[in-house]
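**Q** Shown below is the structure under consideration.
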Amino acid sequence: MSAKQTPELALRHGFRFPDLYDRDGLVRLDGVFLEHLRERSPDLHGRLVAARHDPAAVPGKAESELIIAVAPYLEDFVGELFGIERELRAHQAKHAVLAPLFTAKRRFVQKRVNAFTPEQLAAIDPVAVAAEFEAITQDPLTEQSYAEHVSRWLEAEAAHAPQLKLAAEYAAWATRTPEGQAKHAKGVLFKLPHKLDMNRLVPVVQLTVNGTSQFAFGPDRHRHREGFHLTDPGADLTGALDQVSYCIKCHHQEKDSCSTGLRERSGVLKTSAFGVPLNGCPLEEKISEMHEVKGDGYSVGALAVVTIDNAMCAATGHRICNDCMKSCIYQKQDPVDIPQAETRTLKDVLELPWGFEIYGLLTRWNPLNLARPYPRAATGKKVLVVGLGPAGFTLAHHLMNDGHTVVAVDGLKIEPLPTDVSGVDPLGGRHPFR
Ligand code: SF4
């Protein structure tokens with residue numbers, strides 16, 4: 001949070017910033033949340049308390065349903081705690097605005113574009129079709145306007161048959177011709193999943209240089225790197241929600257292979273075309289559930305689902321690991337780009353006022369984590385973690401939340417960040433972030 005925007009963090013319910021780092025403070029916070037939930041949904045409150053009493057006895061599907069149901073209440077509570085209700089509502093509204101894109105893609109574009117023969121496709125005049133669409137709708141033809149009109153027409157399909165025929169012609173041209181694909185290369189509405197060729201997973205072009213074959217990316221995929229600056233901005237909200245919508249939320253059938261691995265009927269893990277076992281996410285992150293909550297517009301709730309199993313998600317996401325994608329139920333066409341959806345979910349929270357503090361809080365207090373909603377009482381044990389790669393810092397995180405005192409060392413020289421950036425001074429005192 002920039003000091004210019006909000007100089008002081010004023011938490012509600014009588015909490016102070018250091019309380020968010022103190023076990024007693026987090027236990028108290030959890031109690032206030034449970035009361036918040038009980039007032040709004042006594043049934044959900046009862047189910048959550050019972051599930052926490054014996055987490056091991058809760059079947060996987062019931063746990064999924066419970067955390068998905070509680071997540072919006074958690075988001076409301078966090079918004080209230082940090083005083084950002086207005087910003088959260090505005091962020092949720094962005095999801096609602098984009099929703100027609102994914103409805104139109106799923107219910108119309110994907111279903112209609114293959115009905116055209118090559119001859120019919122060649123006969124489509126995109127300029128004339130677009131002009132007619134704009135004349136009918138009195139709107140410029142953009143992906144958003146197309147999706148909104150088509151979604152409305154689909155509500156009374158028979159009455160809008162001519163309009164839908166025109167829209168189908170445009171969709172066929174946009175998805176199946178090189179010109180249409182080039183025009184909509186930056187959008188999501190007319191981009192359909194491709195069949196996978198396991199021997200050509202990377203789209204390279206073959207060149208012959210000095211009589212030798214070489215593979216290279218086409219110029220459209222070249223990226224200029226400047227120092228250590230990132231060359232991949234990641235998906236924006238539209239791109240991430242496109243993936244969330246593509247996901248079929250397999251946890252409902254207890255077949256979320258992205259999380260738990262892709263198995264034969266016998267229960268044995270399947271292997272990829274390259275003989276690699278399809279284990280799914282090494283952390284068994286609740287991906288399908290995260291997608292459902294994110295798709296409903298709750299980014300804080302979705303991040304809370306992620307942090308149950310992957311609290312250090314800032315170090316995973318789309319640049320680090322894609323074991324989940326490899327085990328996605330879609331094995332013959334593009335898998336769901338889960339890391340992009342996860343990264344966007346984290347970024348959406350970080351971009352909220354006090355977003356960093358909210359993410360940090362969810363790594364210590366997470367009511368969706370049935371087994372350990374807040375750190376366990378101090379055990380008196382001291383642990384030295386040697387090596388602070390992803391495994392080391394994740395281990396340190398779990399040990400700390402299990403009540404142990406942790407000291408960690410790494411071969412690299414780790415400089416402490418300035419207090420207003422890290423939120424902690426060299427003596428362990430807690431301070432609001434810049
Ligand atoms: S990401 Fe793939 S495997 Fe996972 S829930 Fe979605 S469709 Fe199913």
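We name chains A, B, ... following the order of the structure tokens; residues begin at 1 in each chain, and ligands are numbered from 1 as shown.
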Please, which residues in chain A fall within 8 Å of ligand 1 when counting only C-alpha atoms and all ligand atoms, and what is the closest atom pair and distance in Å to one decimal for each, ordered by chain then residue number, as a Markdown table?
**A**
| residue | atom | partner | partner_atom_place_in_ligand_line | distance |
| --- | --- | --- | --- | --- |
| A:Val244 | CA | ligand 1 | 6 (Fe) | 7.6 |
| A:Tyr246 | CA | ligand 1 | 7 (S) | 7.0 |
| A:Cys247 | CA | ligand 1 | 6 (Fe) | 3.7 |
| A:Ile248 | CA | ligand 1 | 7 (S) | 4.6 |
| A:Lys249 | CA | ligand 1 | 5 (S) | 4.1 |
| A:Cys250 | CA | ligand 1 | 5 (S) | 4.1 |
| A:His251 | CA | ligand 1 | 5 (S) | 6.1 |
| A:Lys255 | CA | ligand 1 | 8 (Fe) | 7.0 |
| A:Asp256 | CA | ligand 1 | 3 (S) | 4.6 |
| A:Ser257 | CA | ligand 1 | 3 (S) | 4.7 |
| A:Cys258 | CA | ligand 1 | 4 (Fe) | 4.3 |
| A:Ser259 | CA | ligand 1 | 4 (Fe) | 6.6 |
| A:Ile287 | CA | ligand 1 | 4 (Fe) | 6.2 |
| A:Ser288 | CA | ligand 1 | 5 (S) | 4.2 |
| A:Glu289 | CA | ligand 1 | 5 (S) | 7.8 |
| A:His291 | CA | ligand 1 | 6 (Fe) | 7.6 |
| A:Cys324 | CA | ligand 1 | 1 (S) | 7.4 |
| A:Met325 | CA | ligand 1 | 1 (S) | 6.7 |
| A:Ser327 | CA | ligand 1 | 3 (S) | 6.6 |
| A:Cys328 | CA | ligand 1 | 3 (S) | 3.7 |
| A:Ile329 | CA | ligand 1 | 3 (S) | 4.2 |
| A:Tyr330 | CA | ligand 1 | 2 (Fe) | 6.2 |
| A:Pro335 | CA | ligand 1 | 2 (Fe) | 6.4 |
| A:Val336 | CA | ligand 1 | 1 (S) | 5.1 |
| A:Asp337 | CA | ligand 1 | 1 (S) | 7.5 |
| A:Ile338 | CA | ligand 1 | 1 (S) | 6.1 |
**Q** Considering only C-alpha atoms, return as a VMD selection string whatever protein or nucleic-acid residues lie within 7 Å of Leu34 in chain A, sequence-local ones (same chain, fewer than 4 positions apart) excluded.
**A** chain A and resid 30 38 45
**Q** Find the spatial neighbours of Lys332 in chain A, counting only C-alpha atoms, within a cut-off of 9 Å - ignore same-chain residues fewer than 6 positions away - and output them as a PyMOL selection string.
**A** chain A and resi 194-198
**Q** Enumerate, in order of chain and increasing residue number, the residues of range 5-67 of chain A with an atom no farther than 9 Å from range 77-99 of chain A, each with its shortest atom pair and distance in Å to one decimal, counting only C-alpha atoms, as a Markdown table.
**A**
| residue | atom | partner | partner_atom | distance |
| --- | --- | --- | --- | --- |
| A:Leu9 | CA | A:Phe82 | CA | 7.5 |
| A:Ala10 | CA | A:Phe82 | CA | 7.0 |
| A:Leu11 | CA | A:Phe82 | CA | 5.3 |
| A:Arg12 | CA | A:Leu81 | CA | 4.8 |
| A:His13 | CA | A:Leu81 | CA | 7.1 |
| A:Phe15 | CA | A:Leu81 | CA | 8.5 |
| A:Phe33 | CA | A:Phe77 | CA | 6.9 |
| A:His36 | CA | A:Phe77 | CA | 7.4 |
| A:Leu37 | CA | A:Phe77 | CA | 8.7 |
**Q** With all heavy atoms kept, could you save the residues just selected as an mmCIF file, in the first residue's frame?
**A**
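The resulting file, part_17.cif, is reproduced below:
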data_model
loop_
_atom_site.group_PDB
_atom_site.id
_atom_site.type_symbol
_atom_site.label_atom_id
_atom_site.label_comp_id
_atom_site.auth_asym_id
_atom_site.auth_seq_id
_atom_site.Cartn_x
_atom_site.Cartn_y
_atom_site.Cartn_z
ATOM 1 N N LEU A 9 -2.669 2.040 8.563
ATOM 2 C CA LEU A 9 -3.544 0.877 8.461
ATOM 3 C C LEU A 9 -4.436 0.862 9.697
ATOM 4 O O LEU A 9 -3.954 0.736 10.819
ATOM 5 C CB LEU A 9 -2.702 -0.398 8.394
ATOM 6 C CG LEU A 9 -3.446 -1.726 8.497
ATOM 7 C CD1 LEU A 9 -4.491 -1.844 7.405
ATOM 8 C CD2 LEU A 9 -2.471 -2.883 8.394
ATOM 9 N N ALA A 10 -5.729 1.060 9.482
ATOM 10 C CA ALA A 10 -6.662 1.082 10.625
ATOM 11 C C ALA A 10 -7.548 -0.145 10.532
ATOM 12 O O ALA A 10 -8.507 -0.175 9.767
ATOM 13 C CB ALA A 10 -7.497 2.357 10.589
ATOM 14 N N LEU A 11 -7.187 -1.189 11.255
ATOM 15 C CA LEU A 11 -7.970 -2.425 11.205
ATOM 16 C C LEU A 11 -9.235 -2.276 12.029
ATOM 17 O O LEU A 11 -9.248 -1.569 13.043
ATOM 18 C CB LEU A 11 -7.129 -3.590 11.754
ATOM 19 C CG LEU A 11 -5.887 -3.958 10.947
ATOM 20 C CD1 LEU A 11 -4.990 -4.912 11.744
ATOM 21 C CD2 LEU A 11 -6.283 -4.600 9.618
ATOM 22 N N ARG A 12 -10.288 -2.977 11.601
ATOM 23 C CA ARG A 12 -11.552 -2.950 12.355
ATOM 24 C C ARG A 12 -11.503 -3.963 13.495
ATOM 25 O O ARG A 12 -10.559 -4.721 13.623
ATOM 26 C CB ARG A 12 -12.714 -3.284 11.429
ATOM 27 C CG ARG A 12 -12.790 -2.399 10.197
ATOM 28 C CD ARG A 12 -13.716 -1.212 10.393
ATOM 29 N NE ARG A 12 -13.570 -0.262 9.299
ATOM 30 C CZ ARG A 12 -14.212 -0.342 8.139
ATOM 31 N NH1 ARG A 12 -15.051 -1.323 7.908
ATOM 32 N NH2 ARG A 12 -14.037 0.576 7.199
ATOM 33 N N HIS A 13 -12.575 -4.002 14.264
ATOM 34 C CA HIS A 13 -12.767 -4.935 15.378
ATOM 35 C C HIS A 13 -11.704 -4.777 16.462
ATOM 36 O O HIS A 13 -11.410 -5.727 17.195
ATOM 37 C CB HIS A 13 -12.764 -6.400 14.894
ATOM 38 C CG HIS A 13 -13.762 -6.680 13.816
ATOM 39 N ND1 HIS A 13 -15.127 -6.607 14.027
ATOM 40 C CD2 HIS A 13 -13.596 -7.027 12.512
ATOM 41 C CE1 HIS A 13 -15.748 -6.906 12.893
ATOM 42 N NE2 HIS A 13 -14.852 -7.150 11.969
ATOM 43 N N PHE A 15 -8.453 -4.495 16.198
ATOM 44 C CA PHE A 15 -7.153 -5.142 15.974
ATOM 45 C C PHE A 15 -6.098 -4.110 15.611
ATOM 46 O O PHE A 15 -6.389 -3.089 14.991
ATOM 47 C CB PHE A 15 -7.255 -6.197 14.862
ATOM 48 C CG PHE A 15 -7.957 -7.444 15.315
ATOM 49 C CD1 PHE A 15 -9.327 -7.595 15.113
ATOM 50 C CD2 PHE A 15 -7.270 -8.446 15.975
ATOM 51 C CE1 PHE A 15 -9.984 -8.729 15.542
ATOM 52 C CE2 PHE A 15 -7.915 -9.580 16.416
ATOM 53 C CZ PHE A 15 -9.273 -9.719 16.201
ATOM 54 N N PHE A 33 -14.105 -13.920 13.273
ATOM 55 C CA PHE A 33 -14.600 -14.391 11.979
ATOM 56 C C PHE A 33 -15.709 -15.431 12.158
ATOM 57 O O PHE A 33 -16.743 -15.384 11.473
ATOM 58 C CB PHE A 33 -13.465 -14.985 11.135
ATOM 59 C CG PHE A 33 -13.998 -15.702 9.922
ATOM 60 C CD1 PHE A 33 -14.551 -14.979 8.868
ATOM 61 C CD2 PHE A 33 -14.038 -17.089 9.864
ATOM 62 C CE1 PHE A 33 -15.114 -15.623 7.769
ATOM 63 C CE2 PHE A 33 -14.595 -17.741 8.772
ATOM 64 C CZ PHE A 33 -15.129 -17.007 7.718
ATOM 65 N N HIS A 36 -18.797 -13.739 12.897
ATOM 66 C CA HIS A 36 -19.274 -13.084 11.659
ATOM 67 C C HIS A 36 -20.023 -14.108 10.806
ATOM 68 O O HIS A 36 -21.110 -13.839 10.283
ATOM 69 C CB HIS A 36 -18.035 -12.530 10.925
ATOM 70 C CG HIS A 36 -18.249 -12.042 9.531
ATOM 71 N ND1 HIS A 36 -18.425 -10.720 9.208
ATOM 72 C CD2 HIS A 36 -18.285 -12.722 8.359
ATOM 73 C CE1 HIS A 36 -18.567 -10.598 7.898
ATOM 74 N NE2 HIS A 36 -18.486 -11.792 7.356
ATOM 75 N N LEU A 37 -19.457 -15.306 10.693
ATOM 76 C CA LEU A 37 -20.079 -16.355 9.876
ATOM 77 C C LEU A 37 -21.365 -16.866 10.532
ATOM 78 O O LEU A 37 -22.378 -17.061 9.849
ATOM 79 C CB LEU A 37 -19.076 -17.509 9.692
ATOM 80 C CG LEU A 37 -19.531 -18.673 8.815
ATOM 81 C CD1 LEU A 37 -19.799 -18.204 7.375
ATOM 82 C CD2 LEU A 37 -18.472 -19.783 8.795
#
**Q** With distances taken over only C-alpha atoms, which of A:Gly14, A:Pro426, A:Pro55, A:Gly380 is nearest to Val32 in chain A?
**A**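 Smallest separation from Val32 in chain A among the options: A:Gly14.
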**Q** Just list the residues in range 54-249 of chain A DSSP gives helix (DSSP H, G or I) on the backbone, as a VMD selection string.
**A** chain A and resid 55 to 57 60 to 82 85 to 115 118 to 123 126 to 137 143 to 155 158 to 176 178 to 183 219 to 221 237 to 246
**Q** For a test of reading the model, state the distance in Å between CA of Asp232 in chain A and CA of Ala314 in chain A, rounded to one decimal.
**A**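 Atom-to-atom, CA of Asp232 in chain A and CA of Ala314 in chain A are spaced 15.7 Å apart.
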**Q** I'd like the contact shell of Tyr298 in chain A - 7 Å cut-off, only C-alpha atoms, skipping same-chain residues fewer than 4 positions apart - returned as a PDB file with N, CA, C and O atoms, in the first residue's frame.
**A**
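File written: part.pdb
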ATOM      1  N   PRO A  72     -16.657 -16.840   0.132  1.00  0.00           N
ATOM      2  CA  PRO A  72     -17.192 -15.475  -0.011  1.00  0.00           C
ATOM      3  C   PRO A  72     -17.365 -14.760   1.341  1.00  0.00           C
ATOM      4  O   PRO A  72     -17.174 -13.545   1.423  1.00  0.00           O
ATOM      5  N   GLU A  75     -14.030 -13.502   2.301  1.00  0.00           N
ATOM      6  CA  GLU A  75     -13.673 -12.307   1.525  1.00  0.00           C
ATOM      7  C   GLU A  75     -14.365 -11.066   2.101  1.00  0.00           C
ATOM      8  O   GLU A  75     -13.744 -10.017   2.274  1.00  0.00           O
ATOM      9  N   GLN A  92     -14.867  -7.241  -7.700  1.00  0.00           N
ATOM     10  CA  GLN A  92     -15.824  -8.323  -7.999  1.00  0.00           C
ATOM     11  C   GLN A  92     -16.641  -7.966  -9.244  1.00  0.00           C
ATOM     12  O   GLN A  92     -16.924  -8.822 -10.081  1.00  0.00           O
ATOM     13  N   VAL A 293     -14.172 -20.528  -7.107  1.00  0.00           N
ATOM     14  CA  VAL A 293     -14.318 -19.314  -6.292  1.00  0.00           C
ATOM     15  C   VAL A 293     -13.891 -18.081  -7.099  1.00  0.00           C
ATOM     16  O   VAL A 293     -14.559 -17.036  -7.074  1.00  0.00           O
ATOM     17  N   LYS A 294     -12.799 -18.201  -7.844  1.00  0.00           N
ATOM     18  CA  LYS A 294     -12.332 -17.074  -8.675  1.00  0.00           C
ATOM     19  C   LYS A 294     -13.371 -16.753  -9.751  1.00  0.00           C
ATOM     20  O   LYS A 294     -13.650 -15.586 -10.026  1.00  0.00           O
ATOM     21  N   ALA A 302     -10.495 -16.929  -3.375  1.00  0.00           N
ATOM     22  CA  ALA A 302      -9.750 -17.887  -4.206  1.00  0.00           C
ATOM     23  C   ALA A 302      -8.313 -18.016  -3.711  1.00  0.00           C
ATOM     24  O   ALA A 302      -7.750 -19.112  -3.670  1.00  0.00           O
TER      25      ALA A 302
END
**Q** How many Å separate CA of Glu157 in chain A from CA of Leu192 in chain A?
**A**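 CA of Leu192 in chain A lies 23.0 Å from CA of Glu157 in chain A.
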**Q** Using DSSP secondary structure from the backbone, list all strand (DSSP E) positions within range 160-392 of chain A, as a ChimeraX atom specification.
**A** /A:205-209,212-216,382-386
**Q** Write out as a ChimeraX atom specification which residues come within 7 Å of Arg52 in chain A when counting only C-alpha atoms, dropping same-chain ones fewer than 4 positions away.
**A** /A:48,370-371
**Q** Using only C-alpha atoms, please write the residues we just selected to a file, as a compact mmCIF listing (two decimals), in the first residue's frame.
**A**
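Output file part_21.txt is given in full below:
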# COMPACT_ATOMS: atom_id res chain seq x y z
CA LEU A 48 -17.18 -25.40 9.60
CA LEU A 370 -9.60 -27.04 8.54
CA ALA A 371 -6.58 -28.63 10.19
**Q** Residues near Glu65 in chain A, anyone? I mean within 9 Å using only C-alpha atoms, not counting same-chain ones fewer than 5 positions away, as a list in words.
**A**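 Using only C-alpha atoms, the neighbours found are Gly60, Val70, His252 and Glu289 of chain A.
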**Q** Keeping only all heavy atoms, write those residues as a CSV table (one decimal), in the first residue's frame.
**A**
chain,number,residue,atom,x,y,z
A,60,GLY,N,-13.4,-35.8,1.0
A,60,GLY,CA,-12.8,-34.7,0.1
A,60,GLY,C,-13.9,-33.8,-0.5
A,60,GLY,O,-13.7,-32.6,-0.6
A,70,VAL,N,-17.7,-21.2,2.2
A,70,VAL,CA,-17.2,-20.2,3.2
A,70,VAL,C,-16.4,-19.1,2.6
A,70,VAL,O,-16.4,-18.0,3.1
A,70,VAL,CB,-16.4,-21.0,4.3
A,70,VAL,CG1,-15.8,-20.0,5.3
A,70,VAL,CG2,-17.2,-22.0,5.0
A,252,HIS,N,-16.1,-31.8,-8.5
A,252,HIS,CA,-17.5,-32.2,-8.3
A,252,HIS,C,-17.6,-33.7,-8.6
A,252,HIS,O,-18.5,-34.4,-8.0
A,252,HIS,CB,-18.4,-31.5,-9.3
A,252,HIS,CG,-18.6,-30.0,-9.0
A,252,HIS,ND1,-19.2,-29.6,-7.8
A,252,HIS,CD2,-18.2,-28.9,-9.6
A,252,HIS,CE1,-19.2,-28.3,-7.8
A,252,HIS,NE2,-18.5,-27.8,-8.8
A,289,GLU,N,-11.3,-26.0,-7.0
A,289,GLU,CA,-12.1,-25.2,-6.0
A,289,GLU,C,-11.7,-23.7,-6.2
A,289,GLU,O,-12.5,-22.8,-6.1
A,289,GLU,CB,-11.8,-25.7,-4.6
A,289,GLU,CG,-12.3,-27.1,-4.3
A,289,GLU,CD,-11.3,-28.2,-4.6
A,289,GLU,OE1,-10.4,-28.0,-5.5
A,289,GLU,OE2,-11.4,-29.3,-4.0
**Q** Interatomic distance between CA of Tyr21 in chain A and CA of Ala378 in chain A?
**A** 13.7 Å
**Q** For range 106-205 of chain A against range 221-231 of chain A, with a cut-off of 12 Å and counting only C-alpha atoms, what is the closest atom pair and its distance in Å to one decimal for every residue that makes the cut, ordered by chain and number, as CSV?
**A**
residue,atom,partner,partner_atom,distance
A:Val202,CA,A:Arg221,CA,11.2
A:Pro203,CA,A:Arg221,CA,9.4
A:Val204,CA,A:Arg221,CA,9.5
A:Val205,CA,A:Arg221,CA,11.0
**Q** Store the residues picked out above in a file with N, CA, C and O atoms, as a JSON list (two decimals), in the first residue's frame.
**A**
[["chain", "number", "residue", "atom", "x", "y", "z"],
["A", 202, "VAL", "N", 6.06, -27.47, -28.71],
["A", 202, "VAL", "CA", 6.53, -26.09, -28.80],
["A", 202, "VAL", "C", 6.42, -25.65, -30.26],
["A", 202, "VAL", "O", 6.94, -26.33, -31.15],
["A", 203, "PRO", "N", 5.71, -24.56, -30.52],
["A", 203, "PRO", "CA", 5.47, -24.15, -31.91],
["A", 203, "PRO", "C", 6.70, -23.52, -32.55],
["A", 203, "PRO", "O", 6.86, -22.30, -32.54],
["A", 204, "VAL", "N", 7.58, -24.35, -33.09],
["A", 204, "VAL", "CA", 8.81, -23.83, -33.70],
["A", 204, "VAL", "C", 8.71, -23.89, -35.22],
["A", 204, "VAL", "O", 7.89, -24.62, -35.76],
["A", 205, "VAL", "N", 9.56, -23.12, -35.87],
["A", 205, "VAL", "CA", 9.67, -23.23, -37.33],
["A", 205, "VAL", "C", 11.02, -23.87, -37.62],
["A", 205, "VAL", "O", 11.98, -23.70, -36.86]]
**Q** If we count only C-alpha atoms, what is near Leu101 in chain A at a cut-off of 9 Å, once residues fewer than 6 positions away on the same chain are taken out, given as a list in words?
**A**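 The residues satisfying every condition are Glu143, Gln144, Ser145, Tyr146, Ala147, Glu148, Ser151, Val188, Leu189, Thr238 and Asp242 of chain A.
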**Q** Looking at only C-alpha atoms, which of A:Thr363, A:Thr212, A:Asn114, A:Gln253 is the one that sits closest to Ala62 in chain A?
**A**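 That would be A:Gln253, the residue with the smallest distance to Ala62 in chain A.
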